[in-house]
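Text of target.cif (mmCIF, C-alpha atoms) as supplied:
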```cif
data_coords
#
loop_
_atom_site.group_PDB
_atom_site.id
_atom_site.type_symbol
_atom_site.label_atom_id
_atom_site.label_comp_id
_atom_site.auth_asym_id
_atom_site.auth_seq_id
_atom_site.Cartn_x
_atom_site.Cartn_y
_atom_site.Cartn_z
ATOM 1 C CA MET A 130 -33.274 -12.289 40.957
ATOM 2 C CA GLY A 131 -30.381 -14.480 39.883
ATOM 3 C CA ARG A 132 -31.237 -13.892 36.228
ATOM 4 C CA LYS A 133 -31.511 -10.149 36.766
ATOM 5 C CA LYS A 134 -28.074 -9.978 38.357
ATOM 6 C CA GLN A 135 -26.589 -12.055 35.557
ATOM 7 C CA GLY A 136 -28.135 -9.728 32.970
ATOM 8 C CA GLN A 137 -26.798 -6.690 34.757
ATOM 9 C CA PHE A 138 -23.329 -8.249 34.834
ATOM 10 C CA GLU A 139 -23.409 -9.035 31.105
ATOM 11 C CA SER A 140 -24.563 -5.501 30.322
ATOM 12 C CA LYS A 141 -21.740 -3.972 32.345
ATOM 13 C CA GLY A 142 -19.282 -6.338 30.673
ATOM 14 C CA LYS A 143 -20.363 -5.224 27.216
ATOM 15 C CA GLU A 144 -20.110 -1.576 28.194
ATOM 16 C CA LYS A 145 -16.610 -2.149 29.561
ATOM 17 C CA ARG A 146 -15.477 -3.910 26.396
ATOM 18 C CA HIS A 147 -16.942 -1.110 24.285
ATOM 19 C CA LYS A 148 -15.066 1.526 26.270
ATOM 20 C CA MET A 149 -11.815 -0.430 26.056
ATOM 21 C CA LYS A 150 -12.184 -0.682 22.294
ATOM 22 C CA GLY A 151 -12.132 3.069 21.805
ATOM 23 C CA LYS A 152 -8.717 4.747 21.660
ATOM 24 C CA SER A 153 -7.965 8.393 22.230
ATOM 25 C CA MET A 154 -6.013 10.256 19.587
ATOM 26 C CA GLU A 155 -3.320 10.995 22.166
ATOM 27 C CA GLN A 156 -2.852 7.277 22.814
ATOM 28 C CA PHE A 157 -2.814 6.568 19.090
ATOM 29 C CA THR A 158 -0.166 9.235 18.499
ATOM 30 C CA GLU A 159 1.985 7.838 21.307
ATOM 31 C CA GLU A 160 1.765 4.294 19.938
ATOM 32 C CA MET A 161 2.498 5.557 16.417
ATOM 33 C CA GLN A 162 5.652 7.243 17.646
ATOM 34 C CA CYS A 163 6.740 4.010 19.322
ATOM 35 C CA ALA A 164 6.168 2.108 16.079
ATOM 36 C CA LEU A 165 8.210 4.639 14.097
ATOM 37 C CA GLU A 166 11.083 4.450 16.583
ATOM 38 C CA ALA A 167 10.976 0.632 16.531
ATOM 39 C CA SER A 168 11.118 0.621 12.716
ATOM 40 C CA LEU A 169 14.418 2.532 12.848
ATOM 41 C CA LEU A 170 16.143 0.043 15.126
ATOM 42 C CA PRO A 171 18.838 -2.318 13.791
ATOM 43 C CA ARG A 172 17.526 -5.491 12.243
ATOM 44 C CA GLU A 173 18.435 -7.793 15.114
ATOM 45 C CA ASP A 174 16.636 -5.520 17.578
ATOM 46 C CA ARG A 175 13.526 -5.424 15.390
ATOM 47 C CA GLU A 176 13.448 -9.217 15.279
ATOM 48 C CA ALA A 177 13.510 -9.312 19.072
ATOM 49 C CA ALA A 178 10.804 -6.632 19.361
ATOM 50 C CA PRO A 179 8.684 -6.522 16.165
ATOM 51 C CA VAL A 180 7.060 -3.259 15.111
ATOM 52 C CA LYS A 181 3.532 -2.955 16.475
ATOM 53 C CA LEU A 182 1.256 -0.571 14.604
ATOM 54 C CA PRO A 183 -1.134 1.641 16.597
ATOM 55 C CA CYS A 184 -4.159 0.360 14.660
ATOM 56 C CA PRO A 185 -5.004 -3.045 13.157
ATOM 57 C CA LEU A 186 -4.403 -3.663 9.452
ATOM 58 C CA ALA A 187 -6.160 -6.580 7.771
ATOM 59 C CA MET A 188 -6.600 -8.182 4.364
ATOM 60 C CA TRP A 189 -8.926 -10.590 2.614
ATOM 61 C CA ASP A 190 -6.707 -12.655 0.314
ATOM 62 C CA LEU A 191 -8.535 -14.175 -2.650
ATOM 63 C CA GLY A 192 -5.433 -15.984 -3.887
ATOM 64 C CA HIS A 193 -5.527 -14.326 -7.315
ATOM 65 C CA CYS A 194 -1.985 -12.973 -7.201
ATOM 66 C CA ASP A 195 1.462 -14.538 -7.278
ATOM 67 C CA PRO A 196 2.543 -14.859 -3.616
ATOM 68 C CA LYS A 197 6.035 -13.647 -4.531
ATOM 69 C CA ARG A 198 4.638 -10.466 -6.058
ATOM 70 C CA CYS A 199 1.957 -9.687 -3.481
ATOM 71 C CA THR A 200 2.699 -6.719 -1.225
ATOM 72 C CA GLY A 201 -0.161 -7.651 1.089
ATOM 73 C CA ARG A 202 1.286 -11.094 1.765
ATOM 74 C CA LYS A 203 4.696 -9.590 2.425
ATOM 75 C CA LEU A 204 3.152 -7.328 5.070
ATOM 76 C CA VAL A 205 1.406 -10.381 6.555
ATOM 77 C CA ARG A 206 4.739 -12.221 6.744
ATOM 78 C CA LYS A 207 6.223 -9.271 8.588
ATOM 79 C CA GLY A 208 3.392 -9.298 11.110
ATOM 80 C CA LEU A 209 2.055 -5.890 10.070
ATOM 81 C CA VAL A 210 -1.207 -7.181 8.547
ATOM 82 C CA ARG A 211 -3.494 -10.038 9.622
ATOM 83 C CA GLY A 212 -5.491 -12.212 7.254
ATOM 84 C CA LEU A 213 -9.297 -12.314 7.250
ATOM 85 C CA ARG A 214 -11.600 -15.169 6.218
ATOM 86 C CA LEU A 215 -14.562 -14.786 3.892
ATOM 87 C CA ASN A 216 -17.695 -13.795 5.839
ATOM 88 C CA GLN A 217 -15.485 -12.438 8.624
ATOM 89 C CA ARG A 218 -16.503 -8.865 9.397
ATOM 90 C CA PHE A 219 -14.107 -5.998 9.978
ATOM 91 C CA SER A 220 -15.110 -3.036 12.131
ATOM 92 C CA GLY A 221 -12.674 -0.504 10.672
ATOM 93 C CA LEU A 222 -12.410 1.184 7.298
ATOM 94 C CA ILE A 223 -12.611 -1.220 4.335
ATOM 95 C CA LEU A 224 -11.232 -0.287 0.919
ATOM 96 C CA SER A 225 -13.638 -1.991 -1.452
ATOM 97 C CA PRO A 226 -15.267 -1.424 -4.870
ATOM 98 C CA MET A 227 -18.543 -1.937 -3.013
ATOM 99 C CA GLY A 228 -18.006 1.359 -1.210
ATOM 100 C CA THR A 229 -20.109 4.371 -2.152
ATOM 101 C CA LYS A 230 -18.048 7.044 -0.383
ATOM 102 C CA TYR A 231 -14.469 8.218 -0.735
ATOM 103 C CA VAL A 232 -11.904 8.007 2.030
ATOM 104 C CA THR A 233 -11.724 11.505 3.531
ATOM 105 C CA PRO A 234 -9.860 13.153 6.435
ATOM 106 C CA ALA A 235 -13.091 12.735 8.411
ATOM 107 C CA ASP A 236 -12.326 8.988 8.579
ATOM 108 C CA ARG A 237 -9.316 9.674 10.791
ATOM 109 C CA THR A 238 -11.012 8.535 14.010
ATOM 110 C CA ILE A 239 -12.376 5.332 12.449
ATOM 111 C CA VAL A 240 -8.897 4.353 11.259
ATOM 112 C CA ALA A 241 -7.266 5.250 14.584
ATOM 113 C CA GLN A 242 -9.767 3.280 16.679
ATOM 114 C CA ASN A 243 -10.727 0.370 14.434
ATOM 115 C CA GLY A 244 -8.054 0.074 11.740
ATOM 116 C CA LEU A 245 -7.999 -0.458 8.004
ATOM 117 C CA ALA A 246 -8.574 -3.433 5.694
ATOM 118 C CA VAL A 247 -8.020 -4.104 1.992
ATOM 119 C CA ILE A 248 -9.160 -6.764 -0.458
ATOM 120 C CA ASP A 249 -6.333 -8.499 -2.304
ATOM 121 C CA CYS A 250 -7.729 -9.579 -5.662
ATOM 122 C CA SER A 251 -6.761 -9.320 -9.305
ATOM 123 C CA TRP A 252 -7.995 -6.339 -11.289
ATOM 124 C CA ALA A 253 -8.827 -8.819 -14.066
ATOM 125 C CA LYS A 254 -11.142 -10.860 -11.797
ATOM 126 C CA LEU A 255 -13.296 -8.209 -10.154
ATOM 127 C CA GLU A 256 -16.534 -9.664 -11.548
ATOM 128 C CA GLU A 257 -15.942 -13.038 -9.902
ATOM 129 C CA THR A 258 -14.744 -11.639 -6.575
ATOM 130 C CA PRO A 259 -17.273 -12.275 -3.739
ATOM 131 C CA PHE A 260 -17.309 -8.751 -2.324
ATOM 132 C CA SER A 261 -20.553 -9.505 -0.476
ATOM 133 C CA LYS A 262 -18.590 -11.877 1.780
ATOM 134 C CA MET A 263 -16.107 -9.178 2.798
ATOM 135 C CA VAL A 264 -18.181 -6.676 4.681
ATOM 136 C CA GLY A 265 -18.053 -4.179 7.501
ATOM 137 C CA SER A 266 -19.553 -0.940 8.695
ATOM 138 C CA HIS A 267 -17.334 1.470 6.783
ATOM 139 C CA PRO A 268 -16.688 0.526 3.124
ATOM 140 C CA ARG A 269 -14.760 3.199 1.227
ATOM 141 C CA LEU A 270 -13.327 4.014 -2.179
ATOM 142 C CA LEU A 271 -9.973 5.625 -2.849
ATOM 143 C CA PRO A 272 -9.916 8.703 -5.103
ATOM 144 C CA TYR A 273 -7.764 9.088 -8.204
ATOM 145 C CA LEU A 274 -4.154 8.074 -7.582
ATOM 146 C CA VAL A 275 -1.398 6.681 -9.788
ATOM 147 C CA ALA A 276 0.304 3.353 -9.105
ATOM 148 C CA ALA A 277 4.076 3.222 -8.630
ATOM 149 C CA ASN A 278 4.485 -0.551 -8.327
ATOM 150 C CA PRO A 279 6.527 -2.270 -11.084
ATOM 151 C CA VAL A 280 3.554 -4.111 -12.642
ATOM 152 C CA ASN A 281 1.150 -1.179 -12.993
ATOM 153 C CA TYR A 282 3.514 1.783 -12.849
ATOM 154 C CA GLY A 283 1.850 4.968 -14.044
ATOM 155 C CA LYS A 284 -1.615 3.425 -14.289
ATOM 156 C CA PRO A 285 -4.394 5.358 -12.550
ATOM 157 C CA CYS A 286 -6.209 3.652 -9.666
ATOM 158 C CA LYS A 287 -4.520 0.245 -10.025
ATOM 159 C CA LEU A 288 -2.826 0.320 -6.647
ATOM 160 C CA SER A 289 -1.258 -2.564 -4.794
ATOM 161 C CA CYS A 290 -2.234 -3.406 -1.215
ATOM 162 C CA VAL A 291 0.603 -1.452 0.375
ATOM 163 C CA GLU A 292 -0.152 1.562 -1.846
ATOM 164 C CA ALA A 293 -3.804 1.430 -0.798
ATOM 165 C CA PHE A 294 -2.858 1.307 2.894
ATOM 166 C CA ALA A 295 -0.373 4.156 2.420
ATOM 167 C CA ALA A 296 -2.798 6.341 0.453
ATOM 168 C CA THR A 297 -5.442 6.031 3.156
ATOM 169 C CA PHE A 298 -2.966 6.889 5.905
ATOM 170 C CA CYS A 299 -1.870 9.992 3.973
ATOM 171 C CA ILE A 300 -5.443 11.191 3.395
ATOM 172 C CA VAL A 301 -6.484 10.825 7.048
ATOM 173 C CA GLY A 302 -3.317 12.489 8.309
ATOM 174 C CA PHE A 303 -1.047 9.603 9.323
ATOM 175 C CA GLN A 304 1.643 9.966 6.665
ATOM 176 C CA GLU A 305 4.310 8.602 9.016
ATOM 177 C CA LEU A 306 2.578 5.205 8.933
ATOM 178 C CA ALA A 307 2.429 5.364 5.135
ATOM 179 C CA VAL A 308 6.195 5.881 5.029
ATOM 180 C CA LEU A 309 6.734 3.029 7.505
ATOM 181 C CA LEU A 310 4.867 0.567 5.263
ATOM 182 C CA LEU A 311 6.292 1.800 1.956
ATOM 183 C CA ASN A 312 9.835 1.552 3.308
ATOM 184 C CA LYS A 313 9.420 -2.223 3.118
ATOM 185 C CA PHE A 314 9.687 -1.895 -0.682
ATOM 186 C CA LYS A 315 12.542 -0.347 -2.658
ATOM 187 C CA TRP A 316 10.144 1.456 -4.971
ATOM 188 C CA GLY A 317 7.808 2.498 -2.132
ATOM 189 C CA ALA A 318 9.012 6.092 -1.827
ATOM 190 C CA GLY A 319 8.168 6.549 -5.499
ATOM 191 C CA PHE A 320 4.458 6.217 -4.738
ATOM 192 C CA LEU A 321 4.482 9.228 -2.426
ATOM 193 C CA GLU A 322 6.626 11.208 -4.843
ATOM 194 C CA LEU A 323 4.379 10.382 -7.784
ATOM 195 C CA ASN A 324 1.220 11.413 -5.900
ATOM 196 C CA LYS A 325 2.530 14.056 -3.483
ATOM 197 C CA VAL A 326 0.539 16.941 -5.012
ATOM 198 C CA ILE A 327 -2.856 15.284 -5.124
ATOM 199 C CA LEU A 328 -2.395 13.503 -1.768
ATOM 200 C CA ALA A 329 -1.735 16.882 -0.131
ATOM 201 C CA ARG A 330 -4.916 18.251 -1.695
ATOM 202 C CA TYR A 331 -6.983 15.288 -0.537
ATOM 203 C CA ALA A 332 -5.622 15.579 2.999
ATOM 204 C CA ALA A 333 -6.662 19.258 3.106
ATOM 205 C CA CYS A 334 -10.289 18.578 2.131
ATOM 206 C CA SER A 335 -13.008 18.922 4.756
ATOM 207 C CA SER A 336 -15.759 17.026 2.908
ATOM 208 C CA GLU A 337 -16.322 14.480 0.179
ATOM 209 C CA GLU A 338 -17.582 17.247 -2.104
ATOM 210 C CA GLU A 339 -14.217 18.977 -1.801
ATOM 211 C CA MET A 340 -12.497 15.657 -2.517
ATOM 212 C CA LEU A 341 -14.485 15.212 -5.718
ATOM 213 C CA SER A 342 -13.709 18.766 -6.774
ATOM 214 C CA ALA A 343 -9.979 18.348 -6.069
ATOM 215 C CA GLU A 344 -9.925 15.056 -7.960
ATOM 216 C CA LYS A 345 -11.701 16.550 -10.982
ATOM 217 C CA GLU A 346 -9.399 19.569 -11.129
ATOM 218 C CA TYR A 347 -6.283 17.427 -10.819
ATOM 219 C CA ILE A 348 -7.312 15.042 -13.597
ATOM 220 C CA ALA A 349 -8.197 17.934 -15.922
ATOM 221 C CA ALA A 350 -4.984 19.889 -15.281
ATOM 222 C CA PRO A 351 -2.139 19.401 -17.810
ATOM 223 C CA ARG A 352 0.999 17.859 -16.327
ATOM 224 C CA GLU A 353 4.537 17.639 -17.610
ATOM 225 C CA GLU A 354 5.878 14.151 -18.166
ATOM 226 C CA GLU A 355 8.497 13.304 -15.570
ATOM 227 C CA PRO A 356 12.042 12.570 -16.819
ATOM 228 C CA PHE A 357 12.872 8.888 -17.161
ATOM 229 C CA ASP A 358 16.196 7.501 -15.939
ATOM 230 C CA PRO A 359 16.669 4.050 -17.556
ATOM 231 C CA PHE A 360 19.257 3.105 -14.920
ATOM 232 C CA ASP A 361 17.060 3.888 -11.896
ATOM 233 C CA VAL A 362 16.155 0.316 -10.925
ATOM 234 C CA ASP A 363 14.283 1.455 -7.804
ATOM 235 C CA SER A 364 11.828 3.746 -9.592
ATOM 236 C CA GLY A 365 9.273 1.024 -10.300
ATOM 237 C CA ARG A 366 9.430 1.704 -14.035
ATOM 238 C CA GLU A 367 10.689 -0.807 -16.552
ATOM 239 C CA SER A 368 14.262 0.012 -17.606
ATOM 240 C CA CYS A 369 15.868 -0.934 -20.896
ATOM 241 C CA SER A 370 19.201 -0.917 -22.731
ATOM 242 C CA LEU A 371 19.832 2.217 -24.765
ATOM 243 C CA ASN A 372 22.016 0.175 -27.150
ATOM 244 C CA ARG A 373 19.215 -2.132 -28.249
ATOM 245 C CA PRO A 374 16.386 -1.382 -30.672
ATOM 246 C CA GLN A 375 13.074 -0.908 -28.910
ATOM 247 C CA GLY A 376 10.353 -3.273 -30.073
ATOM 248 C CA PRO A 377 6.618 -3.064 -29.380
ATOM 249 C CA PRO A 378 5.789 -3.098 -25.662
ATOM 250 C CA GLU A 379 4.929 -6.473 -24.220
ATOM 251 C CA GLU A 380 1.447 -6.928 -22.859
ATOM 252 C CA GLU A 381 1.506 -6.803 -19.051
ATOM 253 C CA GLU A 382 -0.399 -9.048 -16.750
ATOM 254 C CA ASP A 383 -3.416 -7.173 -15.409
ATOM 255 C CA SER A 384 -2.844 -7.617 -11.704
ATOM 256 C CA SER A 385 -3.483 -5.465 -8.673
ATOM 257 C CA GLU A 386 -0.156 -6.541 -7.192
ATOM 258 C CA GLU A 387 3.456 -5.857 -8.107
ATOM 259 C CA GLU A 388 6.672 -7.828 -8.162
ATOM 260 C CA ASP A 389 7.821 -8.399 -4.603
ATOM 261 C CA ALA A 390 11.321 -9.516 -5.520
ATOM 262 C CA ASP A 391 12.813 -6.232 -4.335
ATOM 263 C CA ASP A 392 12.616 -7.074 -0.648
ATOM 264 C CA ASP A 393 14.220 -4.550 1.659
ATOM 265 C CA ASP A 394 17.000 -5.171 4.154
ATOM 266 C CA ASP A 395 14.434 -6.509 6.619
ATOM 267 C CA ASP A 396 13.520 -9.428 4.392
ATOM 268 C CA ASP A 397 15.870 -12.097 3.065
ATOM 269 C CA ASP A 398 13.160 -14.333 1.587
ATOM 270 C CA GLY A 399 13.151 -12.692 -1.863
ATOM 271 C CA ASP A 400 13.370 -14.828 -4.960
ATOM 272 C CA GLY A 401 16.354 -12.979 -6.422
ATOM 273 C CA VAL A 402 14.545 -11.382 -9.340
ATOM 274 C CA GLU A 403 15.629 -7.886 -8.297
ATOM 275 C CA GLU A 404 19.262 -9.002 -8.155
ATOM 276 C CA ASP A 405 18.977 -10.374 -11.687
ATOM 277 C CA LYS A 406 17.495 -7.069 -12.793
ATOM 278 C CA GLU A 407 20.373 -5.130 -11.241
ATOM 279 C CA ASP A 408 22.876 -7.464 -12.960
ATOM 280 C CA ASP A 409 21.176 -6.768 -16.282
ATOM 281 C CA ASP A 410 21.445 -3.034 -15.660
ATOM 282 C CA ASP A 411 25.158 -3.414 -14.896
ATOM 283 C CA ASP A 412 25.578 -5.309 -18.189
ATOM 284 C CA ASP A 413 23.746 -2.518 -20.011
ATOM 285 C CA LYS A 414 26.050 0.093 -18.504
ATOM 286 C CA GLY A 415 29.038 -2.007 -19.577
ATOM 287 C CA GLU A 416 27.731 -2.135 -23.148
ATOM 288 C CA ILE A 417 27.391 1.635 -23.285
ATOM 289 C CA ILE A 418 30.958 2.172 -22.027
ATOM 290 C CA LYS A 419 32.271 -0.414 -24.454
ATOM 291 C CA ASN A 420 30.482 1.147 -27.409
ATOM 292 C CA LYS A 421 31.766 4.608 -26.500
ATOM 293 C CA ALA A 422 35.330 3.241 -26.332
ATOM 294 C CA GLU A 423 34.985 1.628 -29.776
ATOM 295 C CA ASP A 424 33.656 4.872 -31.224
ATOM 296 C CA GLY A 425 36.708 6.694 -29.830
ATOM 297 C CA GLU A 426 39.081 4.198 -31.492
ATOM 298 C CA ASP A 427 37.282 4.586 -34.824
ATOM 299 C CA LYS A 428 37.776 8.336 -34.661
#
```

Show the structure stored in the file as structure tokens.
Amino acid sequence: MGRKKQGQFESKGKEKRHKMKGKSMEQFTEEMQCALEASLLPREDREAAPVKLPCPLAMWDLGHCDPKRCTGRKLVRKGLVRGLRLNQRFSGLILSPMGTKYVTPADRTIVAQNGLAVIDCSWAKLEETPFSKMVGSHPRLLPYLVAANPVNYGKPCKLSCVEAFAATFCIVGFQELAVLLLNKFKWGAGFLELNKVILARYAACSSEEEMLSAEKEYIAAPREEEPFDPFDVDSGRESCSLNRPQGPPEEEEDSSEEEDADDDDDDDDGDGVEEDKEDDDDDDKGEIIKNKAEDGEDK
């Protein structure tokens, strides 16, 4: 009888843990609102009470990317994402090339209750990435989206970790969390602006078939090229001096991550690259003014 009682106790314990794991949408919404309010607090208050997301975010880091340019590692440093080991399972949604289904609004409950994970690897090393050691119950693919990070700006599907997190949140209906994460990067708002039309269409789909149809129509539709401001250093696009002859474009490193030198006000551990870039832009503006002045004297 002792064994029977022990078995009954273990069974009840498992049932209790299973019930505690589930989270109602009302509770999720309440915790999300708390996280949004905490993210708006002054810096010193946020350090005392760090932002706590309503669902777990995780990442398998393969070490392919430069730590200073990795958005996933920056989110880990801020306590918003936790690292996963190889062969460690994740019970939430996993963004992985091994997925066979797209992320859809129907995944909303999975994300709310179990969270979201990404795989941080280089786009140039996909063949040698051990995807079989990064598994879970809900592998997914992201539909067509355009990157806004400085390394792969304008390239379809080559998103960074933070862009992948944000895209998923937008599709399942938690755009506020997407904004919260992207605000950690100066160029982050550009991702939502660049993809606002197609993200809205994806979020309105009720099935994967509708997602595929929306994706196909969007890719086939002609689009006007957006105007380019060479002095907009926060756009994510490479800027240049209008006074200098333009040579052939340099070949970019094929990486899934972007330069993380443009840390926001929350983060003082940047390597100063963004400041150098802004100084260069100031020099370029000075050259333009100087040249205009010289032209006026000649006249």

Reference answer for the PyMOL selection byres ((chain A and resi 212) around 7), as an MDAnalysis selection string:
chainID A and resid 187:189 210:211 213:214

Residue list as a ChimeraX atom specification for point (-4.9, 16.1, 2.4), cut-off 9 Å, all atoms listed in the file:
/A:233-234,299-302,327-335

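With all atoms listed in the file taken into account, the protein and nucleic acid residues at most 10 Å from A:Leu306 (excluding it and anything under 3 positions from it in its own chain) are Met161, Gln162, Ala164, Leu165, Leu182, Pro183, Phe294, Ala295, Thr297, Phe298, Cys299, Gly302, Phe303, Leu309, Leu310, Leu311 and Asn312 of chain A.
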
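Of the listed residues (A:Lys284, A:Lys197, A:Arg352, A:Lys152), A:Lys152 comes nearest to A:Ala241; the distances count only C-alpha atoms.
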
Extract, using all atoms listed in the file, all DNA, RNA and protein residues at most 6 Å from stretch 200-204 of chain A, discarding same-chain residues fewer than 5 positions from it, and format them as a compact mmCIF listing (two decimals) with C-alpha atoms, in the frame of the given file.
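Produced file selection_27.txt, reproduced below:
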```txt
# COMPACT_ATOMS: atom_id res chain seq x y z
CA LEU A 209 2.06 -5.89 10.07
CA VAL A 210 -1.21 -7.18 8.55
CA CYS A 290 -2.23 -3.41 -1.22
CA VAL A 291 0.60 -1.45 0.38
```

Using the chain letters and residue numbers of this document, give as a ChimeraX atom specification the residues selected by the PyMOL selection byres ((chain A and resi 250-263) around 7).
/A:190-191,193-194,215-218,227,248-249,264,383-385

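Using all atoms listed in the file for every distance, the candidate list A:Gly283, A:Pro185, A:Gly317, A:Pro196 yields A:Pro185 as the residue closest to A:Val247.
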
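Taking atom CA of A:Ser289 and atom CA of A:Arg198 as the two end points, the separation is 9.9 Å.
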
Can you pull out the residues contacting A:Glu338? Cut-off 12 Å, using all atoms listed in the file, and skip same-chain residues under 5 positions away; I want them as a JSON list (two decimals) with C-alpha atoms, in the coordinates of the input.
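Saved file around23.json follows:
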```
[["chain", "number", "residue", "atom", "x", "y", "z"],
["A", 230, "LYS", "CA", -18.05, 7.04, -0.38],
["A", 231, "TYR", "CA", -14.47, 8.22, -0.74],
["A", 232, "VAL", "CA", -11.90, 8.01, 2.03],
["A", 233, "THR", "CA", -11.72, 11.50, 3.53],
["A", 272, "PRO", "CA", -9.92, 8.70, -5.10],
["A", 331, "TYR", "CA", -6.98, 15.29, -0.54],
["A", 343, "ALA", "CA", -9.98, 18.35, -6.07],
["A", 344, "GLU", "CA", -9.93, 15.06, -7.96],
["A", 345, "LYS", "CA", -11.70, 16.55, -10.98]]
```

Atom CA of A:Val275 and atom CA of A:Val240 are how many Å apart?
22.5 Å

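Atom CA of A:Ala307 lies 19.0 Å from atom CA of A:Pro285.
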
Could you list, as a PyMOL selection string, every residue within 10 Å of A:Gly228, counting only C-alpha atoms and ignoring same-chain residues fewer than 5 positions away?
chain A and resi 223+264+267-271

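Those residues positioned at most 12 Å from (-5.1, 7.5, 21.3) are Met149, Lys150, Gly151, Lys152, Ser153, Met154, Glu155, Gln156, Phe157, Thr158, Glu159, Glu160, Met161, Gln162, Pro183, Cys184, Arg237, Thr238, Ile239, Val240, Ala241, Gln242 and Asn243 of chain A, judged using all atoms listed in the file.
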
Which residues, written as a PyMOL selection string, have at least one atom at most 10 Å from A:Ala277, with all atoms listed in the file counted and residues fewer than 2 positions away on the same chain left out?
chain A and resi 274-275+279-285+287-289+292+316-324+364-366+387
